[in-house]
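**Q** Contents of protein35.cif (mmCIF, C-alpha atoms) are below:
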```cif
data_coords
loop_
_atom_site.label_atom_id
_atom_site.label_comp_id
_atom_site.auth_asym_id
_atom_site.auth_seq_id
_atom_site.Cartn_x
_atom_site.Cartn_y
_atom_site.Cartn_z
CA MET A 82 20.52 12.53 1.54
CA ASN A 83 18.57 9.39 2.43
CA LYS A 84 16.51 7.64 -0.23
CA VAL A 85 13.34 9.46 -1.31
CA VAL A 86 10.34 7.15 -1.61
CA ILE A 87 6.81 7.84 -2.86
CA VAL A 88 4.14 5.45 -1.55
CA THR A 89 0.75 5.78 -3.22
CA GLY A 90 -2.41 4.86 -1.32
CA ALA A 91 -0.49 5.25 1.92
CA SER A 92 -3.22 6.36 4.31
CA ARG A 93 -4.39 2.87 5.29
CA GLY A 94 -3.83 -0.86 5.01
CA ILE A 95 -0.72 -2.14 3.26
CA GLY A 96 0.33 1.30 2.03
CA ARG A 97 0.21 2.77 5.50
CA ASP A 98 2.43 0.04 6.91
CA ILE A 99 4.89 0.42 4.03
CA ALA A 100 5.14 4.16 4.63
CA LYS A 101 5.49 3.69 8.37
CA ARG A 102 8.18 1.01 8.10
CA LEU A 103 10.28 2.93 5.59
CA ALA A 104 10.02 6.19 7.55
CA LYS A 105 11.10 4.46 10.76
CA ASP A 106 14.08 3.00 8.91
CA GLY A 107 15.30 6.40 7.76
CA TYR A 108 13.81 6.81 4.30
CA ILE A 109 12.34 10.14 3.23
CA VAL A 110 8.71 9.19 2.67
CA ILE A 111 6.05 10.99 0.69
CA ALA A 112 2.75 9.34 1.61
CA ASN A 113 0.15 9.87 -1.08
CA TYR A 114 -3.57 9.72 -0.33
CA ASN A 115 -6.76 10.66 -2.14
CA LYS A 116 -9.90 10.58 0.01
CA SER A 117 -8.63 9.53 3.44
CA GLU A 118 -7.13 12.83 4.58
CA ASP A 119 -7.85 12.18 8.26
CA LYS A 120 -6.03 8.85 8.15
CA ALA A 121 -3.09 10.37 6.29
CA LYS A 122 -2.81 13.12 8.89
CA SER A 123 -3.06 10.60 11.72
CA LEU A 124 -0.17 8.66 10.19
CA GLN A 125 1.87 11.83 9.95
CA GLN A 126 1.05 12.73 13.56
CA GLU A 127 1.76 9.21 14.82
CA LEU A 128 5.24 9.30 13.32
CA ALA A 129 5.81 12.89 14.45
CA SER A 130 5.24 11.74 18.03
CA GLU A 131 8.34 9.57 17.49
CA ASN A 132 10.26 12.50 15.96
CA ILE A 133 9.90 11.05 12.46
CA ASN A 134 8.76 13.39 9.70
CA ILE A 135 6.93 12.37 6.53
CA ASP A 136 5.23 14.36 3.80
CA ILE A 137 1.62 13.68 2.94
CA PHE A 138 0.26 14.69 -0.46
CA LYS A 139 -3.28 14.50 -1.80
CA ALA A 140 -3.52 13.25 -5.37
CA ASN A 141 -5.88 11.01 -7.26
CA VAL A 142 -3.29 8.91 -9.07
CA SER A 143 -5.88 7.73 -11.60
CA LYS A 144 -5.61 11.26 -13.07
CA ARG A 145 -2.40 12.17 -14.85
CA ASP A 146 -2.59 15.88 -13.99
CA GLU A 147 -2.67 15.08 -10.29
CA VAL A 148 0.21 12.63 -10.66
CA LYS A 149 2.21 15.39 -12.33
CA GLU A 150 1.58 17.65 -9.34
CA LEU A 151 2.72 14.94 -6.93
CA ILE A 152 5.95 14.34 -8.83
CA LYS A 153 6.56 18.08 -9.24
CA TYR A 154 6.21 18.56 -5.48
CA VAL A 155 8.72 15.82 -4.68
CA ILE A 156 11.29 16.93 -7.26
CA GLU A 157 11.08 20.58 -6.22
CA LYS A 158 11.54 19.70 -2.55
CA TYR A 159 14.00 16.79 -2.69
CA LYS A 160 15.52 17.03 -6.21
CA LYS A 161 15.22 13.28 -6.76
CA ILE A 162 13.00 10.22 -6.49
CA ASP A 163 14.79 6.98 -5.62
CA CYS A 164 11.81 4.68 -5.28
CA LEU A 165 8.15 4.52 -6.26
CA VAL A 166 5.79 2.11 -4.50
CA ASN A 167 2.52 1.80 -6.41
CA ASN A 168 0.05 0.61 -3.81
CA ALA A 169 -3.09 2.64 -4.51
CA GLY A 170 -6.02 0.58 -5.73
CA ILE A 171 -9.65 -0.37 -5.26
CA ASP A 172 -11.68 -3.58 -5.38
CA GLN A 173 -15.22 -4.55 -6.27
CA VAL A 174 -17.02 -7.87 -5.93
CA LYS A 175 -19.53 -8.28 -8.74
CA MET A 176 -20.74 -11.01 -11.08
CA PHE A 177 -19.15 -10.63 -14.51
CA LEU A 178 -22.47 -10.13 -16.32
CA ASP A 179 -23.39 -7.35 -13.90
CA ILE A 180 -20.20 -5.33 -14.41
CA THR A 181 -21.02 -2.02 -16.11
CA ASP A 182 -18.75 0.05 -18.31
CA ASP A 183 -18.36 2.47 -15.41
CA ASP A 184 -17.41 -0.38 -13.05
CA TRP A 185 -14.82 -1.67 -15.49
CA ASN A 186 -13.32 1.73 -16.25
CA ASN A 187 -13.21 2.69 -12.58
CA ILE A 188 -11.21 -0.41 -11.64
CA ILE A 189 -8.86 -0.14 -14.62
CA ASN A 190 -8.29 3.58 -14.05
CA ASN A 191 -7.52 3.20 -10.36
CA ASN A 192 -5.52 -0.03 -10.46
CA LEU A 193 -3.74 -0.05 -13.82
CA ASN A 194 -3.82 3.38 -15.43
CA SER A 195 -2.58 4.88 -12.15
CA VAL A 196 0.55 2.71 -12.35
CA PHE A 197 1.04 3.71 -16.00
CA TYR A 198 0.82 7.40 -15.07
CA THR A 199 3.09 7.28 -12.02
CA CYS A 200 5.74 5.19 -13.75
CA GLN A 201 5.74 7.37 -16.84
CA GLU A 202 6.08 10.57 -14.80
CA VAL A 203 8.78 9.24 -12.46
CA LEU A 204 10.99 7.35 -14.90
CA PRO A 205 12.57 10.37 -16.66
CA TYR A 206 14.14 11.38 -13.35
CA MET A 207 15.32 7.84 -12.59
CA ILE A 208 16.74 7.43 -16.10
CA HIS A 209 18.65 10.69 -15.70
CA GLU A 210 20.23 9.38 -12.49
CA LYS A 211 20.78 5.88 -13.93
CA ASN A 212 19.24 4.52 -10.75
CA GLY A 213 15.81 3.75 -9.32
CA VAL A 214 13.40 1.21 -7.94
CA ILE A 215 9.71 0.70 -8.75
CA ILE A 216 7.63 -1.73 -6.71
CA ASN A 217 4.05 -2.42 -7.77
CA ILE A 218 1.56 -4.01 -5.40
CA SER A 219 -0.58 -6.34 -7.48
CA SER A 220 -2.57 -9.35 -6.23
CA ILE A 221 -2.74 -13.12 -6.21
CA TRP A 222 -5.90 -12.71 -8.30
CA GLY A 223 -3.82 -11.26 -11.11
CA LEU A 224 -2.00 -14.59 -11.21
CA THR A 225 -4.95 -16.95 -10.82
CA GLY A 226 -8.02 -15.02 -11.95
CA ALA A 227 -10.89 -14.35 -9.57
CA SER A 228 -14.54 -15.34 -9.69
CA CYS A 229 -16.79 -12.30 -9.24
CA GLU A 230 -13.76 -9.99 -9.45
CA SER A 231 -12.76 -10.39 -13.07
CA HIS A 232 -12.17 -6.68 -13.68
CA TYR A 233 -10.00 -6.49 -10.57
CA ALA A 234 -8.03 -9.57 -11.64
CA VAL A 235 -7.49 -8.13 -15.12
CA SER A 236 -6.21 -4.85 -13.69
CA LYS A 237 -3.70 -6.64 -11.47
CA ALA A 238 -2.56 -8.99 -14.23
CA GLY A 239 -1.92 -5.85 -16.27
CA VAL A 240 0.21 -4.44 -13.46
CA ASP A 241 2.34 -7.61 -13.46
CA ALA A 242 2.75 -7.51 -17.24
CA LEU A 243 3.78 -3.86 -17.07
CA THR A 244 6.25 -4.73 -14.31
CA LYS A 245 7.99 -7.35 -16.44
CA SER A 246 8.00 -5.13 -19.52
CA LEU A 247 9.50 -2.17 -17.69
CA ALA A 248 12.10 -4.36 -16.01
CA LYS A 249 13.36 -5.39 -19.45
CA GLU A 250 13.24 -1.88 -20.87
CA MET A 251 14.70 -0.07 -17.85
CA GLY A 252 17.34 -2.60 -16.84
CA PRO A 253 20.09 -0.93 -18.92
CA SER A 254 19.40 2.29 -16.95
CA ASN A 255 19.95 0.42 -13.66
CA ILE A 256 16.27 0.72 -12.74
CA ARG A 257 14.73 -2.32 -11.11
CA VAL A 258 10.99 -3.02 -11.36
CA ASN A 259 9.19 -5.73 -9.35
CA SER A 260 5.68 -6.67 -8.26
CA ILE A 261 4.43 -8.03 -4.97
CA ALA A 262 1.24 -10.08 -5.34
CA PRO A 263 -0.31 -10.49 -1.88
CA GLY A 264 -2.67 -13.32 -1.03
CA ILE A 265 -5.23 -12.76 1.72
CA ILE A 266 -3.89 -10.01 3.99
CA ASP A 267 -5.62 -8.74 7.11
CA THR A 268 -6.69 -5.28 5.92
CA GLU A 269 -9.90 -3.27 5.51
CA MET A 270 -10.17 -4.54 1.93
CA ASN A 271 -11.08 -7.97 3.32
CA ASP A 272 -13.58 -6.72 5.89
CA ASN A 273 -16.33 -8.16 3.69
CA LEU A 274 -15.27 -11.62 4.92
CA ASN A 275 -16.92 -12.80 8.12
CA LYS A 276 -15.17 -14.85 10.80
CA ASP A 277 -16.31 -18.21 9.43
CA GLU A 278 -15.18 -17.30 5.92
CA LYS A 279 -11.76 -16.28 7.23
CA GLU A 280 -11.43 -19.53 9.16
CA SER A 281 -12.38 -21.48 6.06
CA LEU A 282 -9.73 -19.63 4.05
CA LYS A 283 -7.09 -20.45 6.66
CA GLU A 284 -7.76 -24.14 6.10
CA GLU A 285 -6.93 -23.70 2.41
CA ILE A 286 -3.61 -22.00 3.15
CA PRO A 287 -0.70 -24.35 3.96
CA LEU A 288 0.54 -22.07 6.76
CA HIS A 289 -3.03 -21.94 8.15
CA LYS A 290 -2.98 -18.20 8.72
CA ILE A 291 -3.90 -14.95 7.01
CA GLY A 292 -1.05 -12.62 6.13
CA LYS A 293 -0.18 -9.38 7.92
CA VAL A 294 0.63 -6.02 6.42
CA ASP A 295 4.14 -6.38 7.82
CA ASP A 296 4.68 -9.38 5.56
CA ILE A 297 4.30 -7.05 2.59
CA SER A 298 6.17 -4.02 3.91
CA SER A 299 9.20 -6.12 4.86
CA CYS A 300 9.36 -7.43 1.29
CA VAL A 301 9.10 -3.89 -0.08
CA GLU A 302 12.11 -2.79 1.95
CA TRP A 303 14.08 -5.85 0.86
CA LEU A 304 13.34 -5.12 -2.81
CA ILE A 305 14.46 -1.52 -2.38
CA GLU A 306 17.79 -2.52 -0.89
CA ASP A 307 18.56 -5.54 -3.07
CA GLU A 308 20.53 -4.76 -6.23
CA TYR A 309 19.94 -7.80 -8.45
CA ILE A 310 16.24 -8.61 -8.41
CA THR A 311 14.10 -7.27 -11.23
CA GLY A 312 11.12 -8.31 -13.31
CA GLN A 313 9.76 -10.59 -10.61
CA VAL A 314 6.24 -11.09 -9.29
CA ILE A 315 6.65 -12.17 -5.69
CA SER A 316 3.45 -13.73 -4.35
CA ILE A 317 3.23 -13.56 -0.58
CA ASN A 318 0.36 -15.91 0.19
CA GLY A 319 1.33 -18.45 2.84
CA GLY A 320 1.55 -21.19 0.21
CA TRP A 321 -2.03 -20.66 -1.02
CA LEU A 322 -0.63 -20.51 -4.56
CA ILE A 323 2.19 -22.95 -5.24
#
```
Kindly return the structure encoded in the file as structure tokens.

**A**
Amino acid sequence: MNKVVIVTGASRGIGRDIAKRLAKDGYIVIANYNKSEDKAKSLQQELASENINIDIFKANVSKRDEVKELIKYVIEKYKKIDCLVNNAGIDQVKMFLDITDDDWNNIINNNLNSVFYTCQEVLPYMIHEKNGVIINISSIWGLTGASCESHYAVSKAGVDALTKSLAKEMGPSNIRVNSIAPGIIDTEMNDNLNKDEKESLKEEIPLHKIGKVDDISSCVEWLIEDEYITGQVISINGGWLI
């Protein structure tokens, strides 16, 4: 059987492209979504038109009970999980002094606790098989900090710390854990930037261009197939952070 891969937050943006790329390359893909059911179904239908089948599964991965249901579904149907791609997450731009407890908890729950839950529910199966790959999508802001996005930056820095910790702990079980920390990528998450702001950002980036979702999905596939990379935070940012 081909490798079984769960991609969280797969209905749009980076997650959608990861799911699409892996499915086209022969992986068995379970595309998780929460609110964007129409987009998840459109992804499934788009691939079906090319005779490629994927599963879509609704689960709010910031809730452990729903994560358990997702993992149960995959194990019952495919008997294994070879790879977990933690992509689900949210952002919020807000001055630090204006961040409420609810704002903080919402970001931490969706961006960090979700990774804790999915990893903890998946790892027993990977440990049993002495094999597995976990790839966490973090952010350049987790490496540098971010003005007006401090709670987001903290959540992503936590993801990177968890990545390194799990890589050390799970290495003896032949489980590799890595993070990808994208810079500015052309997705809906950056729709708040107008044309002039995007052009200004390009001038700050040595390659003078904004990244594409394919830049991330190609790295995901490489990390799945490679057998000797673990505990790394790979920042794909066009040289913005050197």

**Q** With the PyMOL selection byres ((chain A and resi 117-128) around 12) as the selection, what would be picked from this file? Answer as an mmCIF file with C-alpha atoms, in the coordinates of the input, please.

**A**
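Writing the result to result-v9.cif gives the following:
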```
data_model
loop_
_atom_site.group_PDB
_atom_site.id
_atom_site.type_symbol
_atom_site.label_atom_id
_atom_site.label_comp_id
_atom_site.auth_asym_id
_atom_site.auth_seq_id
_atom_site.Cartn_x
_atom_site.Cartn_y
_atom_site.Cartn_z
ATOM 1 C CA VAL A 88 4.140 5.450 -1.550
ATOM 2 C CA THR A 89 0.750 5.780 -3.220
ATOM 3 C CA GLY A 90 -2.410 4.860 -1.320
ATOM 4 C CA ALA A 91 -0.490 5.250 1.920
ATOM 5 C CA SER A 92 -3.220 6.360 4.310
ATOM 6 C CA ARG A 93 -4.390 2.870 5.290
ATOM 7 C CA GLY A 94 -3.830 -0.860 5.010
ATOM 8 C CA GLY A 96 0.330 1.300 2.030
ATOM 9 C CA ARG A 97 0.210 2.770 5.500
ATOM 10 C CA ASP A 98 2.430 0.040 6.910
ATOM 11 C CA ILE A 99 4.890 0.420 4.030
ATOM 12 C CA ALA A 100 5.140 4.160 4.630
ATOM 13 C CA LYS A 101 5.490 3.690 8.370
ATOM 14 C CA ARG A 102 8.180 1.010 8.100
ATOM 15 C CA LEU A 103 10.280 2.930 5.590
ATOM 16 C CA ALA A 104 10.020 6.190 7.550
ATOM 17 C CA LYS A 105 11.100 4.460 10.760
ATOM 18 C CA ASP A 106 14.080 3.000 8.910
ATOM 19 C CA GLY A 107 15.300 6.400 7.760
ATOM 20 C CA VAL A 110 8.710 9.190 2.670
ATOM 21 C CA ILE A 111 6.050 10.990 0.690
ATOM 22 C CA ALA A 112 2.750 9.340 1.610
ATOM 23 C CA ASN A 113 0.150 9.870 -1.080
ATOM 24 C CA TYR A 114 -3.570 9.720 -0.330
ATOM 25 C CA ASN A 115 -6.760 10.660 -2.140
ATOM 26 C CA LYS A 116 -9.900 10.580 0.010
ATOM 27 C CA ALA A 129 5.810 12.890 14.450
ATOM 28 C CA SER A 130 5.240 11.740 18.030
ATOM 29 C CA GLU A 131 8.340 9.570 17.490
ATOM 30 C CA ASN A 132 10.260 12.500 15.960
ATOM 31 C CA ILE A 133 9.900 11.050 12.460
ATOM 32 C CA ASN A 134 8.760 13.390 9.700
ATOM 33 C CA ILE A 135 6.930 12.370 6.530
ATOM 34 C CA ASP A 136 5.230 14.360 3.800
ATOM 35 C CA ILE A 137 1.620 13.680 2.940
ATOM 36 C CA PHE A 138 0.260 14.690 -0.460
ATOM 37 C CA LYS A 139 -3.280 14.500 -1.800
ATOM 38 C CA ALA A 140 -3.520 13.250 -5.370
ATOM 39 C CA ASN A 141 -5.880 11.010 -7.260
ATOM 40 C CA ALA A 169 -3.090 2.640 -4.510
#
```

**Q** May I ask for the distance between CA of Pro253 (chain A) and CA of Arg145 (chain A), given in Å to one decimal place?

**A**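 Spanning CA of Pro253 (chain A) to CA of Arg145 (chain A) is a straight-line distance of 26.3 Å.
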
**Q** Please write as a ChimeraX atom specification the full residue list that the PyMOL selection byres ((chain A and resi 301) around 10) yields on this file.

**A** /A:99,102-103,166,215-218,259-261,295-300,302-306

**Q** Just how far from CA of Ser143 (chain A) is CA of Gly226 (chain A), in Å to one decimal?

**A**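 A separation of 22.9 Å between them.
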
**Q** To test your reading of the syntax: which residues would the PyMOL selection byres ((chain A and resi 254) around 7) return for the file shown? Reply as a list in words.

**A** Ile208, Lys211, Asn212, Met251, Gly252, Pro253, Asn255 and Ile256 of chain A

**Q** Using only C-alpha atoms, which of the listed residues (A:Tyr309, A:Ile323, A:His232, A:Val86) sits closest to Thr181 (chain A)?

**A**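 Distance minimum relative to Thr181 (chain A) lands on A:His232.
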
**Q** Contacts of Ile317 (chain A) at 10 Å or less, counting all atoms listed in the file, minus same-chain residues fewer than 4 places along, as a list in words?

**A**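 So, after excluding close chain neighbours, the residues are Ser220, Ile221, Ile261, Ala262, Pro263, Gly264, Ile265, Ile266, Gly292, Asp296, Ile297, Cys300, Trp321 and Leu322 of chain A.
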
**Q** Using C-alpha atoms, can you export the residues from the last selection as an mmCIF file, in the coordinates of the input?

**A**
```
data_model
loop_
_atom_site.group_PDB
_atom_site.id
_atom_site.type_symbol
_atom_site.label_atom_id
_atom_site.label_comp_id
_atom_site.auth_asym_id
_atom_site.auth_seq_id
_atom_site.Cartn_x
_atom_site.Cartn_y
_atom_site.Cartn_z
ATOM 1 C CA SER A 220 -2.570 -9.350 -6.230
ATOM 2 C CA ILE A 221 -2.740 -13.120 -6.210
ATOM 3 C CA ILE A 261 4.430 -8.030 -4.970
ATOM 4 C CA ALA A 262 1.240 -10.080 -5.340
ATOM 5 C CA PRO A 263 -0.310 -10.490 -1.880
ATOM 6 C CA GLY A 264 -2.670 -13.320 -1.030
ATOM 7 C CA ILE A 265 -5.230 -12.760 1.720
ATOM 8 C CA ILE A 266 -3.890 -10.010 3.990
ATOM 9 C CA GLY A 292 -1.050 -12.620 6.130
ATOM 10 C CA ASP A 296 4.680 -9.380 5.560
ATOM 11 C CA ILE A 297 4.300 -7.050 2.590
ATOM 12 C CA CYS A 300 9.360 -7.430 1.290
ATOM 13 C CA TRP A 321 -2.030 -20.660 -1.020
ATOM 14 C CA LEU A 322 -0.630 -20.510 -4.560
#
```

**Q** Mind giving me the straight-line distance from CA of Arg257 (chain A) to CA of Ser219 (chain A) in Å, one decimal?

**A**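 Between these atoms lies a distance of 16.2 Å.
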
**Q** When distances are computed from all atoms listed in the file, which of A:Glu308, A:Glu210, A:Asp172, A:Asp277 shows the smallest separation from Asn192 (chain A)?

**A** A:Asp172

**Q** When you count all atoms listed in the file, which of these residues is closest to Val240 (chain A): A:Val203, A:Leu282, A:Val314, A:Val174?

**A**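 Closest candidate: A:Val314.
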
**Q** With 6 Å as the threshold, what does the neighbourhood of (-7.4, -7.3, -8.1) contain in terms of residues, counting only C-alpha atoms? Coordinates are those of the file; answer as a list in words.

**A**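 So the residues meeting the distance criterion are Ser220, Trp222, Tyr233, Ala234 and Lys237 of chain A.
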
**Q** Within 10 Å of His289 (chain A), counting all atoms listed in the file, which residues qualify if same-chain residues fewer than 5 places away don't, as a PyMOL selection string?

**A** chain A and resi 280-284+319-321

**Q** Restricting the calculation to only C-alpha atoms, which member of A:Lys279, A:Lys293, A:Lys153, A:Lys161 is positioned closest to Tyr206 (chain A)?

**A**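 Smallest distance to Tyr206 (chain A) is found for A:Lys161.
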
**Q** I'd like to know which of A:Asn186, A:Ser236, A:Asn83, A:Thr199 is closest to Lys160 (chain A), using all atoms listed in the file.

**A**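 Ranked by minimum distance to Lys160 (chain A), first place goes to A:Asn83.
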